[in-house]
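Okay, run17.txt is below, compact mmCIF, C-alpha atoms and all ligand atoms:
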# COMPACT_ATOMS: atom_id res chain seq x y z
CA TYR A 64 99.12 91.38 -50.35
CA GLY A 65 101.65 89.57 -48.20
CA PRO A 66 104.51 87.36 -49.24
CA ARG A 67 104.19 85.15 -52.29
CA ARG A 68 103.64 81.55 -51.51
CA GLY A 69 105.61 78.85 -53.19
CA ILE A 70 103.68 76.35 -55.18
CA ARG A 71 103.74 73.86 -52.27
CA GLY A 72 103.35 76.49 -49.57
CA ASN A 73 101.11 75.28 -46.71
CA PHE A 74 100.51 72.05 -48.55
CA ILE A 75 99.94 69.04 -46.32
CA PRO A 76 100.34 65.82 -48.28
CA PRO A 77 97.45 63.39 -47.81
CA ILE A 78 99.70 60.57 -46.67
CA LYS A 79 98.40 58.04 -44.21
CA SER A 80 100.40 57.52 -41.04
CA ASN A 81 102.97 54.77 -41.41
CA GLY A 82 101.53 52.73 -38.58
CA ASN A 83 104.35 53.55 -36.14
CA SER A 84 101.88 55.46 -34.10
CA ALA A 85 99.56 52.52 -33.33
CA GLY A 86 98.25 52.91 -29.82
CA ASN A 87 98.47 56.66 -29.99
CA VAL A 88 95.04 58.21 -29.77
CA THR A 89 96.14 61.42 -31.48
CA SER A 90 96.77 59.58 -34.70
CA ARG A 91 93.31 58.07 -34.70
CA ILE A 92 91.14 61.08 -34.17
CA ALA A 93 91.23 63.62 -36.91
CA GLY A 94 92.03 67.09 -35.71
CA LYS A 95 92.06 66.28 -31.98
CA SER A 96 94.97 66.63 -29.70
CA GLU A 97 95.44 63.81 -27.26
CA ASP A 98 95.71 66.32 -24.43
CA ALA A 99 92.17 67.42 -25.13
CA LEU A 100 90.83 63.97 -24.35
CA ASP A 101 90.43 62.81 -20.80
CA ASP A 102 91.40 59.34 -19.63
CA SER A 103 87.93 57.83 -19.78
CA THR A 104 87.51 58.97 -23.41
CA LYS A 105 90.90 57.53 -24.36
CA LYS A 106 90.08 54.25 -22.67
CA CYS A 107 86.78 54.06 -24.49
CA LEU A 108 88.43 54.72 -27.87
CA ASP A 109 91.09 52.12 -27.13
CA LEU A 110 88.37 49.52 -26.66
CA LEU A 111 86.99 50.30 -30.09
CA CYS A 112 90.33 50.05 -31.90
CA GLY A 113 91.06 47.13 -34.17
CA PRO A 114 94.02 44.77 -33.70
CA ASP A 115 96.18 47.27 -35.61
CA GLY A 116 95.54 49.86 -32.94
CA GLU A 117 93.58 52.01 -35.39
CA LEU A 118 90.10 53.32 -34.88
CA PRO A 119 87.68 51.80 -37.44
CA GLU A 120 87.06 54.02 -40.47
CA LYS A 121 83.45 54.77 -39.48
CA LEU A 122 84.44 56.29 -36.19
CA ARG A 123 87.30 58.48 -37.34
CA ASN A 124 85.30 61.57 -38.09
CA LEU A 125 83.06 61.36 -35.09
CA GLU A 126 83.46 63.42 -31.97
CA PRO A 127 85.17 61.41 -29.23
CA ARG A 128 82.76 62.61 -26.54
CA LEU A 129 79.80 61.31 -28.58
CA ILE A 130 81.51 57.94 -29.08
CA GLU A 131 82.10 57.86 -25.36
CA HIS A 132 78.50 58.73 -24.58
CA VAL A 133 77.24 55.97 -26.88
CA SER A 134 79.66 53.44 -25.36
CA ASN A 135 78.96 54.32 -21.75
CA GLU A 136 75.34 55.44 -21.64
CA ILE A 137 73.57 53.90 -24.60
CA MET A 138 75.34 50.60 -24.95
CA ASP A 139 74.35 47.96 -22.45
CA ARG A 140 76.74 45.03 -22.33
CA ASP A 141 74.57 42.99 -20.01
CA PRO A 142 70.87 43.48 -20.71
CA ASN A 143 70.02 40.81 -18.17
CA VAL A 144 66.56 39.90 -19.48
CA ARG A 145 65.72 36.41 -20.78
CA TRP A 146 62.59 35.04 -22.39
CA ASP A 147 61.65 33.38 -19.10
CA ASP A 148 61.38 36.75 -17.39
CA ILE A 149 58.61 37.83 -19.74
CA ALA A 150 55.08 36.66 -18.95
CA GLY A 151 52.91 35.39 -21.80
CA LEU A 152 53.47 36.75 -25.33
CA ASP A 153 54.37 33.27 -26.54
CA HIS A 154 53.46 34.01 -30.10
CA ALA A 155 55.56 37.18 -30.21
CA LYS A 156 58.49 35.35 -28.63
CA LYS A 157 58.26 32.57 -31.21
CA CYS A 158 58.18 35.01 -34.11
CA VAL A 159 61.00 37.11 -32.74
CA THR A 160 63.11 34.00 -32.24
CA GLU A 161 62.64 32.95 -35.83
CA MET A 162 62.80 36.37 -37.40
CA VAL A 163 65.69 37.90 -35.54
CA ILE A 164 67.43 35.69 -33.01
CA TRP A 165 68.26 32.78 -35.28
CA PRO A 166 69.54 35.08 -38.04
CA LEU A 167 71.76 36.87 -35.53
CA LEU A 168 73.11 33.56 -34.23
CA ARG A 169 73.51 31.91 -37.66
CA PRO A 170 74.04 34.55 -40.35
CA ASP A 171 75.52 31.85 -42.61
CA ILE A 172 72.15 30.07 -42.85
CA PHE A 173 70.03 33.18 -43.11
CA ARG A 174 71.18 34.40 -46.51
CA GLY A 175 69.48 34.84 -49.84
CA CYS A 176 65.83 33.83 -49.63
CA ARG A 177 66.17 33.47 -45.90
CA SER A 178 67.85 36.83 -45.34
CA PRO A 179 66.08 38.59 -42.49
CA GLY A 180 64.65 42.09 -42.42
CA ARG A 181 66.75 44.55 -40.47
CA GLY A 182 63.89 46.39 -38.85
CA LEU A 183 61.36 45.18 -36.32
CA LEU A 184 58.56 47.24 -34.86
CA LEU A 185 56.99 46.35 -31.52
CA PHE A 186 53.76 48.22 -31.04
CA GLY A 187 51.03 48.17 -28.43
CA PRO A 188 49.92 49.82 -25.20
CA PRO A 189 52.56 51.14 -22.79
CA GLY A 190 53.96 48.81 -20.15
CA THR A 191 53.38 45.54 -21.97
CA GLY A 192 56.95 44.32 -22.27
CA LYS A 193 58.24 45.87 -25.50
CA THR A 194 61.45 47.07 -23.88
CA MET A 195 61.83 43.73 -22.13
CA ILE A 196 61.60 41.97 -25.50
CA GLY A 197 64.28 44.27 -26.96
CA LYS A 198 66.59 43.43 -24.08
CA ALA A 199 65.78 39.72 -24.29
CA ILE A 200 66.60 39.69 -28.01
CA ALA A 201 70.06 40.98 -27.21
CA GLY A 202 70.41 38.57 -24.30
CA GLU A 203 69.26 35.51 -26.26
CA ALA A 204 71.21 36.37 -29.41
CA LYS A 205 74.34 37.28 -27.45
CA ALA A 206 74.28 40.66 -29.13
CA THR A 207 75.21 44.07 -27.81
CA ILE A 208 72.18 46.25 -27.24
CA PHE A 209 72.04 50.00 -27.70
CA TYR A 210 69.07 51.58 -26.02
CA ILE A 211 67.93 55.06 -26.90
CA SER A 212 64.71 56.93 -26.37
CA VAL A 213 63.82 59.56 -28.90
CA SER A 214 62.81 62.04 -26.21
CA SER A 215 66.38 61.95 -24.87
CA LEU A 216 67.69 62.58 -28.38
CA THR A 217 65.49 65.60 -28.86
CA SER A 218 65.66 67.03 -25.35
CA LYS A 219 69.21 66.38 -24.13
CA TRP A 220 70.93 66.55 -27.48
CA ILE A 221 69.23 69.53 -29.05
CA GLY A 222 70.92 70.29 -32.33
CA GLU A 223 73.33 67.40 -31.87
CA GLY A 224 70.93 64.50 -32.19
CA GLU A 225 72.00 63.89 -35.74
CA LYS A 226 75.66 63.55 -34.78
CA LEU A 227 74.73 61.27 -31.93
CA VAL A 228 72.75 59.06 -34.31
CA ARG A 229 75.83 58.77 -36.54
CA ALA A 230 77.94 57.86 -33.52
CA LEU A 231 75.32 55.34 -32.43
CA PHE A 232 75.27 53.49 -35.74
CA GLY A 233 79.07 53.80 -36.03
CA VAL A 234 79.74 52.22 -32.64
CA ALA A 235 77.06 49.57 -33.27
CA SER A 236 78.78 48.52 -36.45
CA CYS A 237 81.97 47.94 -34.43
CA ARG A 238 80.06 45.86 -31.92
CA GLN A 239 78.24 43.37 -34.10
CA PRO A 240 76.01 41.54 -33.73
CA ALA A 241 74.15 44.51 -32.37
CA VAL A 242 70.57 45.46 -31.58
CA ILE A 243 69.63 49.12 -31.64
CA PHE A 244 66.47 49.61 -29.60
CA VAL A 245 64.69 52.90 -30.26
CA ASP A 246 61.94 53.69 -27.81
CA GLU A 247 59.16 56.09 -28.91
CA ILE A 248 60.22 55.64 -32.52
CA ASP A 249 56.98 57.30 -33.63
CA SER A 250 58.23 60.71 -32.53
CA LEU A 251 61.28 60.26 -34.74
CA LEU A 252 59.62 58.82 -37.82
CA SER A 253 56.24 60.43 -37.56
CA GLN A 254 54.14 61.42 -40.53
CA ARG A 255 53.48 64.91 -39.26
CA LYS A 256 54.95 67.06 -41.94
CA SER A 257 57.04 70.16 -42.22
CA GLU A 258 55.00 73.02 -40.66
CA GLY A 259 55.43 72.29 -36.97
CA GLU A 260 58.48 70.19 -37.56
CA HIS A 261 61.73 71.83 -36.51
CA GLU A 262 64.56 71.84 -38.93
CA SER A 263 66.67 69.89 -36.42
CA SER A 264 64.16 67.08 -35.99
CA ARG A 265 63.77 66.84 -39.74
CA ARG A 266 67.54 66.43 -40.04
CA LEU A 267 67.49 63.86 -37.29
CA LYS A 268 64.87 61.84 -39.09
CA THR A 269 66.78 62.03 -42.38
CA GLN A 270 70.00 60.93 -40.72
CA PHE A 271 68.23 58.02 -39.14
CA LEU A 272 66.72 56.85 -42.41
CA ILE A 273 70.12 57.17 -44.12
CA GLU A 274 71.78 55.04 -41.46
CA MET A 275 69.03 52.44 -41.68
CA GLU A 276 69.31 52.33 -45.45
CA GLY A 277 73.05 51.78 -45.07
CA PHE A 278 72.87 48.68 -42.98
CA ASP A 279 69.86 47.34 -44.80
CA THR A 280 71.85 46.73 -47.94
CA GLY A 281 75.11 45.64 -46.38
CA SER A 282 76.08 42.42 -44.70
CA GLU A 283 76.14 44.03 -41.31
CA GLN A 284 74.58 42.21 -38.41
CA ILE A 285 72.68 45.07 -36.94
CA LEU A 286 69.02 44.89 -36.10
CA LEU A 287 66.89 47.91 -35.42
CA VAL A 288 64.01 47.38 -33.00
CA GLY A 289 61.59 50.27 -32.72
CA ALA A 290 58.96 50.43 -30.00
CA THR A 291 55.90 52.60 -30.04
CA ASN A 292 52.59 53.19 -28.31
CA ARG A 293 51.42 55.24 -31.27
CA PRO A 294 51.94 53.16 -34.40
CA GLN A 295 49.35 55.19 -36.28
CA GLU A 296 51.80 58.12 -36.29
CA LEU A 297 54.38 56.29 -38.38
CA ASP A 298 54.60 57.27 -42.00
CA GLU A 299 54.83 54.97 -44.96
CA ALA A 300 58.62 55.22 -45.29
CA ALA A 301 59.03 54.22 -41.67
CA ARG A 302 56.64 51.29 -42.04
CA ARG A 303 58.54 50.09 -45.08
CA ARG A 304 61.82 50.07 -43.17
CA LEU A 305 60.28 48.35 -40.18
CA ALA A 306 59.14 45.42 -42.26
CA LYS A 307 58.16 43.14 -39.37
CA ARG A 308 55.54 44.63 -37.11
CA LEU A 309 54.49 42.77 -34.02
CA TYR A 310 51.56 43.64 -31.81
CA ILE A 311 52.43 43.36 -28.13
CA PRO A 312 49.03 43.30 -26.43
CA LEU A 313 47.92 43.56 -22.82
CA PRO A 314 48.76 40.45 -20.77
CA SER A 315 46.32 37.57 -20.74
CA SER A 316 44.82 36.35 -17.49
CA GLU A 317 47.52 33.63 -17.20
CA ALA A 318 50.25 36.17 -17.83
CA ARG A 319 48.85 38.43 -15.11
CA ALA A 320 48.77 35.49 -12.69
CA TRP A 321 52.39 34.73 -13.58
CA ILE A 322 53.48 38.32 -12.92
CA VAL A 323 51.80 38.38 -9.50
CA GLN A 324 53.23 35.04 -8.45
CA ASN A 325 56.69 35.73 -9.81
CA LEU A 326 57.04 39.13 -8.15
CA LEU A 327 55.79 37.95 -4.76
CA GLU A 328 57.89 34.78 -4.88
CA LYS A 329 61.02 36.75 -5.54
CA ASP A 330 60.56 38.44 -2.17
CA GLY A 331 59.39 35.30 -0.39
CA LEU A 332 55.93 36.82 0.01
CA PHE A 333 53.86 34.41 -2.05
CA GLU A 334 51.20 32.61 -0.03
CA LEU A 335 48.12 33.02 -2.20
CA SER A 336 45.96 30.05 -3.14
CA ARG A 337 45.01 29.15 -6.71
CA GLU A 338 41.57 30.54 -6.01
CA ASP A 339 43.00 33.83 -4.74
CA ILE A 340 45.03 34.19 -7.90
CA GLY A 341 41.92 33.48 -9.96
CA THR A 342 40.08 36.28 -8.14
CA ILE A 343 42.94 38.73 -8.70
CA CYS A 344 43.04 37.88 -12.41
CA LYS A 345 39.30 38.51 -12.75
CA LEU A 346 39.65 41.88 -11.05
CA THR A 347 42.56 42.99 -13.22
CA GLU A 348 41.11 42.61 -16.69
CA GLY A 349 42.64 45.41 -18.82
CA TYR A 350 45.73 45.92 -16.63
CA SER A 351 49.09 46.10 -18.39
CA GLY A 352 52.22 44.30 -17.18
CA SER A 353 53.53 47.45 -15.59
CA ASP A 354 50.11 48.17 -13.99
CA MET A 355 50.33 44.66 -12.50
CA LYS A 356 53.78 45.40 -11.15
CA ASN A 357 52.51 48.59 -9.51
CA LEU A 358 49.54 46.72 -8.12
CA VAL A 359 51.73 44.05 -6.53
CA LYS A 360 53.94 46.76 -5.05
CA ASP A 361 50.96 48.49 -3.51
CA ALA A 362 49.36 45.25 -2.29
CA SER A 363 52.60 44.18 -0.63
CA MET A 364 52.46 47.35 1.45
CA GLY A 365 49.19 46.14 3.03
CA PRO A 366 50.73 43.86 5.70
CA LEU A 367 53.28 46.53 6.57
CA ARG A 368 50.70 49.28 6.99
CA GLU A 369 48.57 46.99 9.11
CA ALA A 370 51.46 46.02 11.40
CA LEU A 371 52.18 49.68 12.00
CA THR A 372 48.56 50.42 12.88
CA ARG A 373 48.75 47.51 15.34
CA GLY A 374 51.39 49.52 17.18
CA PHE A 375 54.68 48.14 15.84
CA GLU A 376 57.41 50.68 15.35
CA ILE A 377 58.99 50.81 11.93
CA THR A 378 62.51 50.73 13.38
CA LYS A 379 61.82 47.59 15.42
CA LEU A 380 59.53 45.78 13.00
CA LYS A 381 60.56 42.21 12.08
CA LYS A 382 59.51 40.21 9.05
CA GLU A 383 57.57 37.80 11.28
CA ASP A 384 55.43 40.66 12.58
CA MET A 385 53.79 40.99 9.19
CA ARG A 386 51.04 38.69 7.89
CA PRO A 387 51.16 37.35 4.31
CA VAL A 388 49.79 39.39 1.41
CA THR A 389 46.10 38.56 0.83
CA VAL A 390 43.41 39.11 -1.79
CA LYS A 391 42.08 41.90 0.43
CA ASP A 392 45.39 43.74 0.00
CA PHE A 393 44.94 43.44 -3.76
CA GLU A 394 41.37 44.71 -3.53
CA ASN A 395 42.60 47.75 -1.63
CA ALA A 396 45.45 48.28 -4.07
CA LEU A 397 42.98 48.18 -6.97
CA GLN A 398 41.48 51.42 -5.63
CA GLU A 399 44.87 53.10 -5.94
CA VAL A 400 46.27 51.55 -9.11
CA ARG A 401 43.94 51.97 -12.06
CA PRO A 402 44.50 50.45 -15.50
CA SER A 403 46.49 52.84 -17.65
CA VAL A 404 45.02 51.83 -21.02
CA SER A 405 41.45 52.54 -22.04
CA SER A 406 39.38 50.21 -24.20
CA ASN A 407 39.17 52.97 -26.81
CA GLU A 408 42.93 52.95 -27.17
CA LEU A 409 42.95 49.18 -27.46
CA GLY A 410 40.61 49.44 -30.42
CA ILE A 411 43.13 51.66 -32.21
CA TYR A 412 45.94 49.11 -31.74
CA GLU A 413 43.80 46.25 -32.92
CA GLU A 414 42.72 48.14 -35.99
CA TRP A 415 46.31 49.08 -36.87
CA ASN A 416 47.38 45.50 -36.29
CA LYS A 417 44.76 44.26 -38.76
CA GLN A 418 45.96 46.72 -41.35
CA PHE A 419 49.73 46.68 -40.90
CA GLY A 420 50.69 44.03 -38.33
CA SER A 421 52.81 41.04 -39.36
CA LEU A 422 50.67 38.48 -37.59
CA ALA A 423 47.20 39.86 -37.95
P1 LIG B 501 56.94 48.88 -22.66
O1 LIG B 501 58.30 48.95 -23.26
O2 LIG B 501 56.00 48.01 -23.44
O3 LIG B 501 56.34 50.22 -22.37
P2 LIG B 501 58.31 47.59 -20.49
O4 LIG B 501 58.90 46.45 -21.21
O5 LIG B 501 59.25 48.74 -20.19
O6 LIG B 501 57.05 48.17 -21.26
O7 LIG B 501 57.66 47.09 -19.14
C1 LIG B 501 57.64 47.89 -17.96
C2 LIG B 501 57.66 46.97 -16.75
O8 LIG B 501 56.43 46.28 -16.65
C3 LIG B 501 58.73 45.90 -16.88
O9 LIG B 501 59.94 46.31 -16.30
C4 LIG B 501 58.11 44.74 -16.12
O10 LIG B 501 58.34 44.88 -14.73
C5 LIG B 501 56.62 44.93 -16.32
N1 LIG B 501 56.11 44.09 -17.43
C6 LIG B 501 55.47 44.54 -18.53
N2 LIG B 501 55.12 43.55 -19.34
C7 LIG B 501 55.55 42.41 -18.76
C8 LIG B 501 55.50 41.02 -19.12
N3 LIG B 501 54.90 40.60 -20.25
N4 LIG B 501 56.07 40.13 -18.26
C9 LIG B 501 56.65 40.53 -17.12
N5 LIG B 501 56.73 41.81 -16.73
C10 LIG B 501 56.19 42.76 -17.52

Could you write out this file's structure as structure tokens?
Ligand code: ADP
Amino acid sequence: YGPRRGIRGNFIPPIKSNGNSAGNVTSRIAGKSEDALDDSTKKCLDLLCGPDGELPEKLRNLEPRLIEHVSNEIMDRDPNVRWDDIAGLDHAKKCVTEMVIWPLLRPDIFRGCRSPGRGLLLFGPPGTGKTMIGKAIAGEAKATIFYISVSSLTSKWIGEGEKLVRALFGVASCRQPAVIFVDEIDSLLSQRKSEGEHESSRRLKTQFLIEMEGFDTGSEQILLVGATNRPQELDEAARRRLAKRLYIPLPSSEARAWIVQNLLEKDGLFELSREDIGTICKLTEGYSGSDMKNLVKDASMGPLREALTRGFEITKLKKEDMRPVTVKDFENALQEVRPSVSSNELGIYEEWNKQFGSLA
């Protein structure tokens, strides 16, 4: 039966390090040898350490490579989108400012009765600016944004999604104020139940709800923004946690005009008259913001294609050889770029908005 062990044989006393090892990664990551970490991982962990050189409690039991992935791939230090970059949606912008930006900027005022919800849902057709709003919230509130799409969680991180979610919320809590933007949140918090649901995605969902519950009750300045094109798939628990639900509709005629003008102006290609713009707006009823972007791209190819048919060679072509973009170019582009949202689908969003939206 082997040698007898003394009463303290193999006993490792649970004594915390005495602090002499501050700055030494080995002491901060349980069970990892420093040699096993490469330089980029060490650097990333160093950035997350407190003034005492220790890794915050929440991160100590997480895998360094997941912390690194969250810091390098999911966290965006410079979202680079401002309200002025987003066409239309004035009402949504106003609500978001009041509901989430002010509380992030002035947590001292937004306490008690004024304490904000921690979850915001942006729902509506694809390509209408939901992601842009998420980025603008972070930009306007000077917060760090973490951007994750659920399909990347379930495809790239099979079986590990749950751990990545823990790392995500852990790093976010060290980077407050923070905005966690979850694209396609419906596929994470959907109401489809057990049968088809894999064990791993069920665990992922549970982990997510646990993390959300955690920061909902605490004084943490973390906001979760979920975006979805399929709000009807969300279950009741998810709706409860995403207390504010804003409908982000298709762009109005003015917003479409703004997108066209703004994109062409950026490239010095804008020479359309007011009337031309009016015609384009009439022809693009039902187009989303991203459809409009694709349309402008296609229309701006018109002058180039024409110059080439006139005999210019692409390698020798100068800017001056191309005429300005015209309404005709847009009419041609309309044959190629069709609206991506049907009126049937719009009906579903409007109905859901009436039932569950915050501003219906
Ligand atoms: P969603 O998240 O709603 O699917 P995005 O915010 O990713 O859509 O928008 C996709 C692209 O479409 C943006 O990068 C932008 O070029 C364009 N776009 C969509 N909506 C707007 C808008 N309201 N103002 C300006 N551009 C827009």

Find the smallest box with edges along x, y and z containing every listed atom of ligand LIG 501 (chain B), then add 3 Å on each side and report centre and edge lengths in Å to one decimal, as JSON.
{"center_x": 57.4, "center_y": 45.2, "center_z": -19.1, "size_x": 11.0, "size_y": 16.1, "size_z": 14.7}

### Query
Could you name the residues that touch Leu309 (chain A) at 12 Å or less, counting all atoms listed in the file, but leaving out those on the same chain fewer than 6 positions away, as a VMD selection string?
chain A and resid 152 154 to 159 162 182 to 187 193 196 288 to 291 294 302 412 to 413 415 to 423

Contacts between ligand LIG 501 (chain B) and chain A, please, where a residue of chain A counts if it comes within 7 Å (with only C-alpha atoms and all ligand atoms); show its shortest atom pair and distance in Å to one decimal, rows by chain and ascending number, as a tab-separated table.
residue	atom	partner	partner_atom	distance
A:Asp148	CA	B:LIG501	C9	6.1
A:Ile149	CA	B:LIG501	N4	3.7
A:Ala150	CA	B:LIG501	N4	3.7
A:Gly151	CA	B:LIG501	N3	5.8
A:Leu152	CA	B:LIG501	N3	6.5
A:Pro188	CA	B:LIG501	O2	6.6
A:Pro189	CA	B:LIG501	O3	3.9
A:Gly190	CA	B:LIG501	O6	3.3
A:Thr191	CA	B:LIG501	N2	3.7
A:Gly192	CA	B:LIG501	O4	3.1
A:Lys193	CA	B:LIG501	O2	3.7
A:Thr194	CA	B:LIG501	O1	3.7
A:Met195	CA	B:LIG501	O4	4.1
A:Ile196	CA	B:LIG501	O4	6.8
A:Ala290	CA	B:LIG501	O1	6.9
A:Pro314	CA	B:LIG501	N3	6.2
A:Ala318	CA	B:LIG501	N3	6.9
A:Ile322	CA	B:LIG501	C9	5.7
A:Ser351	CA	B:LIG501	C6	6.6
A:Gly352	CA	B:LIG501	C6	3.5
A:Ser353	CA	B:LIG501	O8	3.3
A:Lys356	CA	B:LIG501	O10	5.8

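The two atoms in question, CA of Ala320 (chain A) and CA of Gln398 (chain A), are spaced 18.9 Å apart.
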
### Task
Work out how far CA of Val400 (chain A) is from CA of Glu348 (chain A), in Å to one decimal.
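Result for CA of Glu348 (chain A) versus CA of Val400 (chain A): 12.8 Å, one decimal.
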
### Task
Select, counting only C-alpha atoms, all protein, DNA and RNA residues no farther than 10 Å from (61.7, 61.9, -31.1) in file coordinates, and express the selection as number ranges by chain.
A: 212-218, 224, 245-253, 264, 267-268

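With CA of Leu111 (chain A) on one side and CA of Asn135 (chain A) on the other, the separation reads 12.3 Å.
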